[in-house]
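Peer 1: Before we start, here is the structure in question, set down as structure tokens.
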Amino acid sequence: GDRQLMTPAQDPKSTLGKVLRLNLDGTPAAGNPLAEKGFDPAVWSYGHRNLLGIAFDSDGRLWEMEMGPRHGDEINLIKPGLNYGWPNVSMGDHYDGKPIPDHAPGDGYEAPKVYWVPAISPGGMDYYNADLFPQWKNSLFITGLSGKSLDRIGLDGENATKADHWDMGARIRAVRTGPDGALWLLEDGENARLLKLKRAHAIPSATPCSGRPSGARRRVVRNRAGCPRHHAAEGRSCRPALCGDGSGDLRLSMVDGVPAGWQAAGHPKARRNDP
């Protein structure tokens, strides 16, 4: 990132606030687009604030996530030689409330594909293309710190769209896809947990179930549409009531073997932030 110094992001001689393209030994890769313009030879793109995640999609496009100032967190499609605007433009403002000009057509800066106002304070990003959740293939998963959230961003070529938002009830630092296609989340802070998200078993009824064995722990969770996530236990496992078609249901289980007691659902009416 730019170490909150701001001006290095536009300084051609600095590598702060830049995406760098390097060889495996750490030297600048040949053919970087800005070297002939007087930039540090490692620079691939510039005008970034605080880069916190980067991933290639299945077609080789490079996506980047960065934390904005006061609001204005971003998802960018990284292309060689482009200027992404910081600190001259942003969809957020300075922490002291001083405004920063928004991105605008024709301003010479590459605008984010997705941004958040208010901020979610992103912690981590992972590209998802696994078979466990086929409806979520070609997506980015973004964790929120201040947002206490998990967001799914759907990709379509060079376009990106906010698709799902789950309130997680805790600051989420990181997300990774496991070898079986399950999502792993790492909470942030004291007593943080490592969580595994896997497909829940659908039951053939849209009526919330009510039973649970003696001593089983349970927490009722509602999504933004108000859909209850009350679930009945079957032995030591839990199953969700259907909400919509159930295709977006997730089960969260602590990896130390504690029975699942919390679920989040990708309901069709789950909150989608603008834009």
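Just so we're on the same page: first chain in the structure tokens is A, next is B, and so on; residues restart at 1 for each chain, and ligands are numbered from 1 in the order they show up.
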Quick one: residues within 9 Å of A:Arg171, only C-alpha atoms, excluding same-chain residues fewer than 3 positions away - as a PDB file with N, CA, C and O atoms, in the first residue's frame?

Peer 2:
ATOM      1  N   GLY A 123     -10.796  -7.526   4.578  1.00  0.00           N
ATOM      2  CA  GLY A 123      -9.647  -8.181   5.183  1.00  0.00           C
ATOM      3  C   GLY A 123      -8.947  -9.126   4.226  1.00  0.00           C
ATOM      4  O   GLY A 123      -7.730  -9.179   4.167  1.00  0.00           O
ATOM      5  N   THR A 143     -13.930 -10.733   2.614  1.00  0.00           N
ATOM      6  CA  THR A 143     -14.265 -10.677   4.034  1.00  0.00           C
ATOM      7  C   THR A 143     -14.281  -9.237   4.521  1.00  0.00           C
ATOM      8  O   THR A 143     -13.536  -8.396   4.026  1.00  0.00           O
ATOM      9  N   GLY A 144     -15.134  -8.965   5.502  1.00  0.00           N
ATOM     10  CA  GLY A 144     -15.253  -7.626   6.068  1.00  0.00           C
ATOM     11  C   GLY A 144     -14.819  -7.602   7.519  1.00  0.00           C
ATOM     12  O   GLY A 144     -15.237  -8.456   8.309  1.00  0.00           O
ATOM     13  N   LEU A 145     -14.004  -6.610   7.879  1.00  0.00           N
ATOM     14  CA  LEU A 145     -13.586  -6.425   9.267  1.00  0.00           C
ATOM     15  C   LEU A 145     -14.610  -5.567  10.004  1.00  0.00           C
ATOM     16  O   LEU A 145     -15.378  -6.068  10.805  1.00  0.00           O
ATOM     17  N   SER A 146     -14.672  -4.274   9.701  1.00  0.00           N
ATOM     18  CA  SER A 146     -15.712  -3.449  10.322  1.00  0.00           C
ATOM     19  C   SER A 146     -17.096  -3.897   9.875  1.00  0.00           C
ATOM     20  O   SER A 146     -18.071  -3.776  10.619  1.00  0.00           O
ATOM     21  N   GLY A 147     -17.204  -4.443   8.671  1.00  0.00           N
ATOM     22  CA  GLY A 147     -18.484  -4.923   8.172  1.00  0.00           C
ATOM     23  C   GLY A 147     -18.935  -6.218   8.809  1.00  0.00           C
ATOM     24  O   GLY A 147     -20.110  -6.582   8.715  1.00  0.00           O
ATOM     25  N   LYS A 148     -17.998  -6.965   9.449  1.00  0.00           N
ATOM     26  CA  LYS A 148     -18.310  -8.266  10.056  1.00  0.00           C
ATOM     27  C   LYS A 148     -19.101  -9.117   9.070  1.00  0.00           C
ATOM     28  O   LYS A 148     -20.178  -9.628   9.387  1.00  0.00           O
ATOM     29  N   SER A 149     -18.526  -9.288   7.902  1.00  0.00           N
ATOM     30  CA  SER A 149     -19.320  -9.812   6.799  1.00  0.00           C
ATOM     31  C   SER A 149     -18.511 -10.697   5.874  1.00  0.00           C
ATOM     32  O   SER A 149     -17.279 -10.737   5.908  1.00  0.00           O
ATOM     33  N   MET A 168     -21.848 -11.910   9.442  1.00  0.00           N
ATOM     34  CA  MET A 168     -21.172 -13.013  10.119  1.00  0.00           C
ATOM     35  C   MET A 168     -21.104 -12.838  11.637  1.00  0.00           C
ATOM     36  O   MET A 168     -20.733 -13.765  12.347  1.00  0.00           O
ATOM     37  N   LEU A 186     -11.279 -17.093   8.620  1.00  0.00           N
ATOM     38  CA  LEU A 186     -10.536 -16.839   9.848  1.00  0.00           C
ATOM     39  C   LEU A 186     -11.053 -15.550  10.459  1.00  0.00           C
ATOM     40  O   LEU A 186     -11.016 -14.490   9.824  1.00  0.00           O
ATOM     41  N   GLU A 187     -11.564 -15.651  11.688  1.00  0.00           N
ATOM     42  CA  GLU A 187     -12.005 -14.470  12.410  1.00  0.00           C
ATOM     43  C   GLU A 187     -10.799 -13.662  12.880  1.00  0.00           C
ATOM     44  O   GLU A 187      -9.668 -14.141  12.887  1.00  0.00           O
ATOM     45  N   ASP A 188     -11.065 -12.429  13.281  1.00  0.00           N
ATOM     46  CA  ASP A 188     -10.015 -11.503  13.706  1.00  0.00           C
ATOM     47  C   ASP A 188     -10.216 -11.148  15.171  1.00  0.00           C
ATOM     48  O   ASP A 188     -11.341 -10.939  15.618  1.00  0.00           O
ATOM     49  N   GLY A 189      -9.120 -11.088  15.921  1.00  0.00           N
ATOM     50  CA  GLY A 189      -9.207 -10.627  17.296  1.00  0.00           C
ATOM     51  C   GLY A 189      -9.040 -11.740  18.313  1.00  0.00           C
ATOM     52  O   GLY A 189      -8.778 -12.903  17.984  1.00  0.00           O
ATOM     53  N   ALA A 192     -10.427 -15.592  18.314  1.00  0.00           N
ATOM     54  CA  ALA A 192     -10.881 -15.777  16.933  1.00  0.00           C
ATOM     55  C   ALA A 192     -10.973 -17.256  16.603  1.00  0.00           C
ATOM     56  O   ALA A 192     -10.206 -18.081  17.104  1.00  0.00           O
TER      57      ALA A 192
END

Peer 1: Name all residues at most 12 Å from A:Asp156 (count only C-alpha atoms; drop same-chain ones fewer than 3 positions away) and give them as a CSV table (one decimal) with N, CA, C and O atoms, in the first residue's frame.

Peer 2:
chain,number,residue,atom,x,y,z
A,57,ASP,N,-8.5,-14.8,-12.2
A,57,ASP,CA,-9.7,-15.6,-12.5
A,57,ASP,C,-9.3,-16.7,-13.5
A,57,ASP,O,-8.1,-16.9,-13.9
A,58,SER,N,-10.3,-17.6,-13.8
A,58,SER,CA,-10.0,-18.7,-14.7
A,58,SER,C,-9.6,-18.3,-16.1
A,58,SER,O,-9.0,-19.2,-16.8
A,59,ASP,N,-9.8,-17.1,-16.5
A,59,ASP,CA,-9.4,-16.6,-17.8
A,59,ASP,C,-8.1,-15.8,-17.8
A,59,ASP,O,-7.7,-15.2,-18.8
A,61,ARG,N,-7.6,-13.0,-15.9
A,61,ARG,CA,-7.7,-11.6,-15.5
A,61,ARG,C,-7.3,-11.5,-14.1
A,61,ARG,O,-7.5,-12.3,-13.2
A,77,LEU,N,-10.2,-4.3,-11.6
A,77,LEU,CA,-9.6,-5.2,-12.6
A,77,LEU,C,-8.3,-4.6,-13.0
A,77,LEU,O,-8.3,-3.5,-13.6
A,113,LYS,N,-14.4,-1.6,-10.3
A,113,LYS,CA,-15.6,-2.3,-10.8
A,113,LYS,C,-16.7,-2.4,-9.7
A,113,LYS,O,-17.8,-2.5,-10.0
A,136,TRP,N,-21.8,-20.7,-7.7
A,136,TRP,CA,-20.9,-19.6,-7.3
A,136,TRP,C,-19.6,-19.6,-8.0
A,136,TRP,O,-18.7,-18.9,-7.7
A,137,LYS,N,-19.5,-20.5,-9.0
A,137,LYS,CA,-18.3,-20.5,-9.8
A,137,LYS,C,-18.0,-19.1,-10.4
A,137,LYS,O,-18.9,-18.4,-10.7
A,138,ASN,N,-16.7,-18.8,-10.6
A,138,ASN,CA,-16.3,-17.5,-11.1
A,138,ASN,C,-16.7,-16.4,-10.3
A,138,ASN,O,-17.3,-15.4,-10.8
A,139,SER,N,-16.5,-16.5,-9.0
A,139,SER,CA,-16.8,-15.4,-8.0
A,139,SER,C,-15.6,-15.1,-7.2
A,139,SER,O,-14.7,-15.8,-7.0
A,140,LEU,N,-15.7,-13.9,-6.6
A,140,LEU,CA,-14.7,-13.4,-5.6
A,140,LEU,C,-15.4,-13.4,-4.3
A,140,LEU,O,-16.6,-13.0,-4.2
A,153,ILE,N,-18.8,-11.6,-4.9
A,153,ILE,CA,-18.8,-10.7,-6.1
A,153,ILE,C,-18.8,-11.6,-7.3
A,153,ILE,O,-17.9,-12.5,-7.5
A,159,ASN,N,-16.6,-7.5,-16.1
A,159,ASN,CA,-17.6,-6.9,-15.2
A,159,ASN,C,-17.7,-7.6,-13.9
A,159,ASN,O,-17.5,-8.9,-13.8
A,160,ALA,N,-18.0,-6.9,-12.8
A,160,ALA,CA,-18.1,-7.5,-11.5
A,160,ALA,C,-19.4,-6.9,-10.8
A,160,ALA,O,-19.6,-5.7,-11.0
A,161,THR,N,-20.1,-7.7,-10.1
A,161,THR,CA,-21.4,-7.3,-9.5
A,161,THR,C,-21.5,-7.8,-8.1
A,161,THR,O,-21.2,-9.0,-7.9
A,162,LYS,N,-22.0,-7.0,-7.2
A,162,LYS,CA,-22.3,-7.5,-5.8
A,162,LYS,C,-23.4,-8.5,-5.9
A,162,LYS,O,-24.5,-8.2,-6.5
A,163,ALA,N,-23.2,-9.7,-5.4
A,163,ALA,CA,-24.2,-10.8,-5.6
A,163,ALA,C,-24.8,-11.2,-4.2
A,163,ALA,O,-26.0,-11.4,-4.2

Peer 1: Measuring between only C-alpha atoms, which one of A:Ala30, A:Leu24, A:Ala35, A:Ile78 shows the shortest distance to A:Pro12?

Peer 2: A:Ala35

Peer 1: Let me make sure I understand: among A:Ala130, A:Ile75, A:Ala111, A:Ala29, which one has the smallest atom-to-atom distance to A:Gly181 if we use only C-alpha atoms?

Peer 2: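 Ranked by minimum distance to A:Gly181, first place goes to A:Ala130.
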
Peer 1: Give me the residues near stretch 39-41 of chain A as a list in words, where near means some atom within 9 Å (using only C-alpha atoms) and where sequence neighbours in that chain fewer than 3 positions away do not count.

Peer 2: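 The residues satisfying every condition are Asp11, Pro12, Lys13, Ser14, Thr15, Leu20, Arg21, Pro28, Ala29, Ala30, Gly31, Asn32, Pro33, Leu34, Ala35, Glu36 and Trp44 of chain A.
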
Peer 1: Mind pulling up the distance from atom CA of A:Gly106 to atom CA of A:Gly38?

Peer 2: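 Here the two named atoms are 24.0 Å from each other.
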
Peer 1: Any idea what the distance is between atom CA of A:His94 and atom CA of A:Arg70?

Peer 2: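 Here the two named atoms are 5.6 Å from each other.
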
Peer 1: For the atom pair atom CA of A:Asn83 and atom CA of A:Asn129, what is the interatomic distance in Å to one decimal place?

Peer 2: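 These two atoms are separated by 28.8 Å.
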
Peer 1: Using only C-alpha atoms, which of the listed residues (A:Lys198, A:Arg49, A:Lys37, A:His165) sits closest to A:Asp131?

Peer 2: A:Lys198

Peer 1: Just want the 9 Å neighbourhood of A:Pro87, counted on only C-alpha atoms, with same-chain residues fewer than 3 positions away dropped. Output as a PDB file with all heavy atoms, in the first residue's frame.

Peer 2:
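Below is the file that was written, part_31.pdb:
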ATOM      1  N   MET A   6      -0.033   8.729   0.794  1.00  0.00           N
ATOM      2  CA  MET A   6      -0.817   9.210  -0.338  1.00  0.00           C
ATOM      3  C   MET A   6       0.019   9.528  -1.570  1.00  0.00           C
ATOM      4  O   MET A   6      -0.143   8.884  -2.607  1.00  0.00           O
ATOM      5  CB  MET A   6      -1.685  10.420   0.062  1.00  0.00           C
ATOM      6  CG  MET A   6      -2.731  10.073   1.106  1.00  0.00           C
ATOM      7  SD  MET A   6      -3.949  11.386   1.373  1.00  0.00           S
ATOM      8  CE  MET A   6      -2.939  12.603   2.195  1.00  0.00           C
ATOM      9  N   THR A   7       0.895  10.490  -1.493  1.00  0.00           N
ATOM     10  CA  THR A   7       1.586  10.932  -2.710  1.00  0.00           C
ATOM     11  C   THR A   7       2.445   9.859  -3.376  1.00  0.00           C
ATOM     12  O   THR A   7       2.592   9.879  -4.604  1.00  0.00           O
ATOM     13  CB  THR A   7       2.450  12.171  -2.414  1.00  0.00           C
ATOM     14  OG1 THR A   7       3.319  11.901  -1.302  1.00  0.00           O
ATOM     15  CG2 THR A   7       1.564  13.352  -2.082  1.00  0.00           C
ATOM     16  N   ALA A   9       1.756   6.967  -4.221  1.00  0.00           N
ATOM     17  CA  ALA A   9       0.971   6.169  -5.158  1.00  0.00           C
ATOM     18  C   ALA A   9       1.040   6.716  -6.578  1.00  0.00           C
ATOM     19  O   ALA A   9       0.855   5.978  -7.551  1.00  0.00           O
ATOM     20  CB  ALA A   9      -0.485   6.108  -4.692  1.00  0.00           C
ATOM     21  N   GLN A  10       1.316   8.030  -6.722  1.00  0.00           N
ATOM     22  CA  GLN A  10       1.442   8.661  -8.035  1.00  0.00           C
ATOM     23  C   GLN A  10       2.901   8.951  -8.408  1.00  0.00           C
ATOM     24  O   GLN A  10       3.160   9.449  -9.502  1.00  0.00           O
ATOM     25  CB  GLN A  10       0.636   9.957  -8.075  1.00  0.00           C
ATOM     26  CG  GLN A  10      -0.871   9.784  -7.928  1.00  0.00           C
ATOM     27  CD  GLN A  10      -1.517   9.095  -9.122  1.00  0.00           C
ATOM     28  OE1 GLN A  10      -1.060   9.253 -10.255  1.00  0.00           O
ATOM     29  NE2 GLN A  10      -2.575   8.331  -8.874  1.00  0.00           N
ATOM     30  N   GLY A  47      -1.415   4.124  -8.549  1.00  0.00           N
ATOM     31  CA  GLY A  47      -2.566   4.859  -8.034  1.00  0.00           C
ATOM     32  C   GLY A  47      -3.429   4.030  -7.104  1.00  0.00           C
ATOM     33  O   GLY A  47      -4.637   4.219  -7.024  1.00  0.00           O
ATOM     34  N   HIS A  48      -2.795   3.123  -6.343  1.00  0.00           N
ATOM     35  CA  HIS A  48      -3.517   2.279  -5.387  1.00  0.00           C
ATOM     36  C   HIS A  48      -3.268   2.777  -3.964  1.00  0.00           C
ATOM     37  O   HIS A  48      -2.228   3.348  -3.669  1.00  0.00           O
ATOM     38  CB  HIS A  48      -3.062   0.829  -5.514  1.00  0.00           C
ATOM     39  CG  HIS A  48      -3.252   0.249  -6.879  1.00  0.00           C
ATOM     40  ND1 HIS A  48      -4.488  -0.132  -7.352  1.00  0.00           N
ATOM     41  CD2 HIS A  48      -2.358  -0.002  -7.877  1.00  0.00           C
ATOM     42  CE1 HIS A  48      -4.351  -0.607  -8.592  1.00  0.00           C
ATOM     43  NE2 HIS A  48      -3.079  -0.532  -8.937  1.00  0.00           N
ATOM     44  N   ARG A  49      -4.230   2.493  -3.077  1.00  0.00           N
ATOM     45  CA  ARG A  49      -4.090   2.959  -1.694  1.00  0.00           C
ATOM     46  C   ARG A  49      -3.530   1.871  -0.784  1.00  0.00           C
ATOM     47  O   ARG A  49      -2.382   1.924  -0.386  1.00  0.00           O
ATOM     48  CB  ARG A  49      -5.443   3.456  -1.155  1.00  0.00           C
ATOM     49  CG  ARG A  49      -5.337   4.027   0.258  1.00  0.00           C
ATOM     50  CD  ARG A  49      -6.670   4.552   0.768  1.00  0.00           C
ATOM     51  NE  ARG A  49      -6.521   5.143   2.094  1.00  0.00           N
ATOM     52  CZ  ARG A  49      -6.633   4.455   3.224  1.00  0.00           C
ATOM     53  NH1 ARG A  49      -6.930   3.157   3.186  1.00  0.00           N
ATOM     54  NH2 ARG A  49      -6.464   5.051   4.383  1.00  0.00           N
ATOM     55  N   SER A  90     -11.353   9.103  -5.459  1.00  0.00           N
ATOM     56  CA  SER A  90     -11.767   7.962  -4.646  1.00  0.00           C
ATOM     57  C   SER A  90     -13.267   8.051  -4.447  1.00  0.00           C
ATOM     58  O   SER A  90     -13.847   9.148  -4.481  1.00  0.00           O
ATOM     59  CB  SER A  90     -11.052   7.967  -3.286  1.00  0.00           C
ATOM     60  OG  SER A  90     -11.573   6.975  -2.433  1.00  0.00           O
ATOM     61  N   ILE A 100     -12.860  13.960  -1.212  1.00  0.00           N
ATOM     62  CA  ILE A 100     -11.982  13.580  -2.315  1.00  0.00           C
ATOM     63  C   ILE A 100     -12.872  13.477  -3.555  1.00  0.00           C
ATOM     64  O   ILE A 100     -13.963  12.907  -3.479  1.00  0.00           O
ATOM     65  CB  ILE A 100     -11.299  12.229  -2.053  1.00  0.00           C
ATOM     66  CG1 ILE A 100     -10.507  12.257  -0.745  1.00  0.00           C
ATOM     67  CG2 ILE A 100     -10.381  11.845  -3.214  1.00  0.00           C
ATOM     68  CD1 ILE A 100      -9.972  10.895  -0.327  1.00  0.00           C
TER      69      ILE A 100
END

Peer 1: Using DSSP assignments from the backbone, pull out every residue in stretch 71-163 of chain A that falls under strand (DSSP E or B) and give it to me as a ChimeraX atom specification.

Peer 2: /A:73-78,83,93,114-116,122-128,139-144,149-156,159-163

Peer 1: Go ahead and write the residues just picked, N, CA, C and O atoms, as a compact mmCIF listing (two decimals), in the first residue's frame.

Peer 2:
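The result, stored in part27.txt:
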# COMPACT_ATOMS: atom_id res chain seq x y z
N ASP A 73 -14.08 1.37 -0.19
CA ASP A 73 -13.31 0.15 -0.45
C ASP A 73 -13.58 -0.31 -1.89
O ASP A 73 -14.67 -0.11 -2.42
N GLU A 74 -12.60 -0.98 -2.52
CA GLU A 74 -12.66 -1.20 -3.96
C GLU A 74 -12.33 -2.63 -4.36
O GLU A 74 -11.52 -3.31 -3.73
N ILE A 75 -12.92 -3.04 -5.49
CA ILE A 75 -12.47 -4.17 -6.29
C ILE A 75 -12.08 -3.62 -7.65
O ILE A 75 -12.90 -2.96 -8.32
N ASN A 76 -10.84 -3.88 -8.07
CA ASN A 76 -10.35 -3.38 -9.35
C ASN A 76 -9.95 -4.52 -10.28
O ASN A 76 -9.43 -5.55 -9.82
N LEU A 77 -10.16 -4.33 -11.56
CA LEU A 77 -9.60 -5.20 -12.59
C LEU A 77 -8.29 -4.56 -13.02
O LEU A 77 -8.27 -3.46 -13.56
N ILE A 78 -7.19 -5.26 -12.75
CA ILE A 78 -5.86 -4.69 -12.98
C ILE A 78 -5.43 -4.91 -14.42
O ILE A 78 -5.39 -6.04 -14.91
N ASN A 83 -3.65 3.91 -14.36
CA ASN A 83 -3.61 4.69 -13.13
C ASN A 83 -4.98 4.59 -12.46
O ASN A 83 -5.99 5.01 -13.03
N ASP A 93 -13.85 9.45 1.30
CA ASP A 93 -13.30 10.75 1.70
C ASP A 93 -12.18 10.54 2.72
O ASP A 93 -11.98 9.43 3.22
N VAL A 114 -16.25 -2.48 -8.45
CA VAL A 114 -17.18 -2.54 -7.32
C VAL A 114 -16.60 -1.68 -6.21
O VAL A 114 -15.38 -1.64 -6.03
N TYR A 115 -17.47 -0.98 -5.46
CA TYR A 115 -16.99 -0.24 -4.29
C TYR A 115 -18.06 -0.27 -3.21
O TYR A 115 -19.23 -0.58 -3.47
N TRP A 116 -17.65 0.02 -1.98
CA TRP A 116 -18.55 -0.02 -0.84
C TRP A 116 -18.60 1.33 -0.15
O TRP A 116 -17.58 1.88 0.27
N PRO A 122 -12.30 -4.30 4.09
CA PRO A 122 -12.02 -5.67 3.64
C PRO A 122 -10.75 -6.22 4.28
O PRO A 122 -9.77 -5.51 4.51
N GLY A 123 -10.80 -7.53 4.58
CA GLY A 123 -9.65 -8.18 5.18
C GLY A 123 -8.95 -9.13 4.23
O GLY A 123 -7.73 -9.18 4.17
N GLY A 124 -9.72 -9.91 3.48
CA GLY A 124 -9.13 -10.90 2.58
C GLY A 124 -10.02 -11.15 1.38
O GLY A 124 -11.20 -10.80 1.37
N MET A 125 -9.43 -11.79 0.37
CA MET A 125 -10.15 -12.08 -0.87
C MET A 125 -9.69 -13.43 -1.41
O MET A 125 -8.52 -13.79 -1.30
N ASP A 126 -10.61 -14.18 -1.99
CA ASP A 126 -10.25 -15.42 -2.67
C ASP A 126 -11.14 -15.60 -3.89
O ASP A 126 -12.32 -15.22 -3.88
N TYR A 127 -10.55 -16.14 -4.95
CA TYR A 127 -11.31 -16.46 -6.16
C TYR A 127 -11.88 -17.86 -6.03
O TYR A 127 -11.17 -18.81 -5.68
N TYR A 128 -13.19 -18.00 -6.32
CA TYR A 128 -13.86 -19.29 -6.17
C TYR A 128 -14.28 -19.81 -7.53
O TYR A 128 -14.97 -19.14 -8.30
N SER A 139 -16.46 -16.47 -8.99
CA SER A 139 -16.82 -15.41 -8.03
C SER A 139 -15.61 -15.05 -7.18
O SER A 139 -14.68 -15.84 -7.02
N LEU A 140 -15.65 -13.85 -6.63
CA LEU A 140 -14.71 -13.44 -5.60
C LEU A 140 -15.43 -13.43 -4.26
O LEU A 140 -16.57 -12.96 -4.17
N PHE A 141 -14.78 -13.95 -3.22
CA PHE A 141 -15.31 -13.84 -1.87
C PHE A 141 -14.46 -12.83 -1.10
O PHE A 141 -13.22 -12.91 -1.11
N ILE A 142 -15.12 -11.88 -0.45
CA ILE A 142 -14.48 -10.77 0.24
C ILE A 142 -14.90 -10.80 1.71
O ILE A 142 -16.09 -10.88 2.01
N THR A 143 -13.93 -10.73 2.61
CA THR A 143 -14.27 -10.68 4.03
C THR A 143 -14.28 -9.24 4.52
O THR A 143 -13.54 -8.40 4.03
N GLY A 144 -15.13 -8.96 5.50
CA GLY A 144 -15.25 -7.63 6.07
C GLY A 144 -14.82 -7.60 7.52
O GLY A 144 -15.24 -8.46 8.31
N SER A 149 -18.53 -9.29 7.90
CA SER A 149 -19.32 -9.81 6.80
C SER A 149 -18.51 -10.70 5.87
O SER A 149 -17.28 -10.74 5.91
N LEU A 150 -19.25 -11.42 5.03
CA LEU A 150 -18.69 -12.13 3.89
C LEU A 150 -19.52 -11.72 2.69
O LEU A 150 -20.75 -11.78 2.71
N ASP A 151 -18.85 -11.28 1.63
CA ASP A 151 -19.52 -10.85 0.41
C ASP A 151 -19.08 -11.71 -0.76
O ASP A 151 -17.90 -12.10 -0.84
N ARG A 152 -20.02 -11.99 -1.65
CA ARG A 152 -19.69 -12.66 -2.90
C ARG A 152 -19.85 -11.68 -4.06
O ARG A 152 -20.88 -11.01 -4.17
N ILE A 153 -18.81 -11.59 -4.89
CA ILE A 153 -18.82 -10.74 -6.07
C ILE A 153 -18.85 -11.64 -7.30
O ILE A 153 -17.95 -12.45 -7.51
N GLY A 154 -19.91 -11.54 -8.09
CA GLY A 154 -20.00 -12.33 -9.31
C GLY A 154 -19.22 -11.68 -10.44
O GLY A 154 -19.30 -10.47 -10.65
N LEU A 155 -18.47 -12.50 -11.18
CA LEU A 155 -17.66 -12.01 -12.30
C LEU A 155 -18.28 -12.45 -13.61
O LEU A 155 -18.78 -13.57 -13.75
N ASP A 156 -18.23 -11.56 -14.59
CA ASP A 156 -18.71 -11.84 -15.94
C ASP A 156 -17.80 -11.11 -16.90
O ASP A 156 -18.01 -9.92 -17.20
N ASN A 159 -16.61 -7.52 -16.09
CA ASN A 159 -17.59 -6.90 -15.20
C ASN A 159 -17.66 -7.65 -13.88
O ASN A 159 -17.45 -8.86 -13.82
N ALA A 160 -17.98 -6.93 -12.83
CA ALA A 160 -18.13 -7.50 -11.50
C ALA A 160 -19.37 -6.89 -10.84
O ALA A 160 -19.63 -5.69 -11.00
N THR A 161 -20.13 -7.71 -10.11
CA THR A 161 -21.38 -7.28 -9.51
C THR A 161 -21.50 -7.84 -8.11
O THR A 161 -21.19 -9.01 -7.87
N LYS A 162 -21.97 -7.03 -7.17
CA LYS A 162 -22.28 -7.53 -5.83
C LYS A 162 -23.42 -8.53 -5.93
O LYS A 162 -24.49 -8.22 -6.47
N ALA A 163 -23.22 -9.73 -5.40
CA ALA A 163 -24.19 -10.80 -5.56
C ALA A 163 -24.82 -11.23 -4.24
O ALA A 163 -26.02 -11.42 -4.17
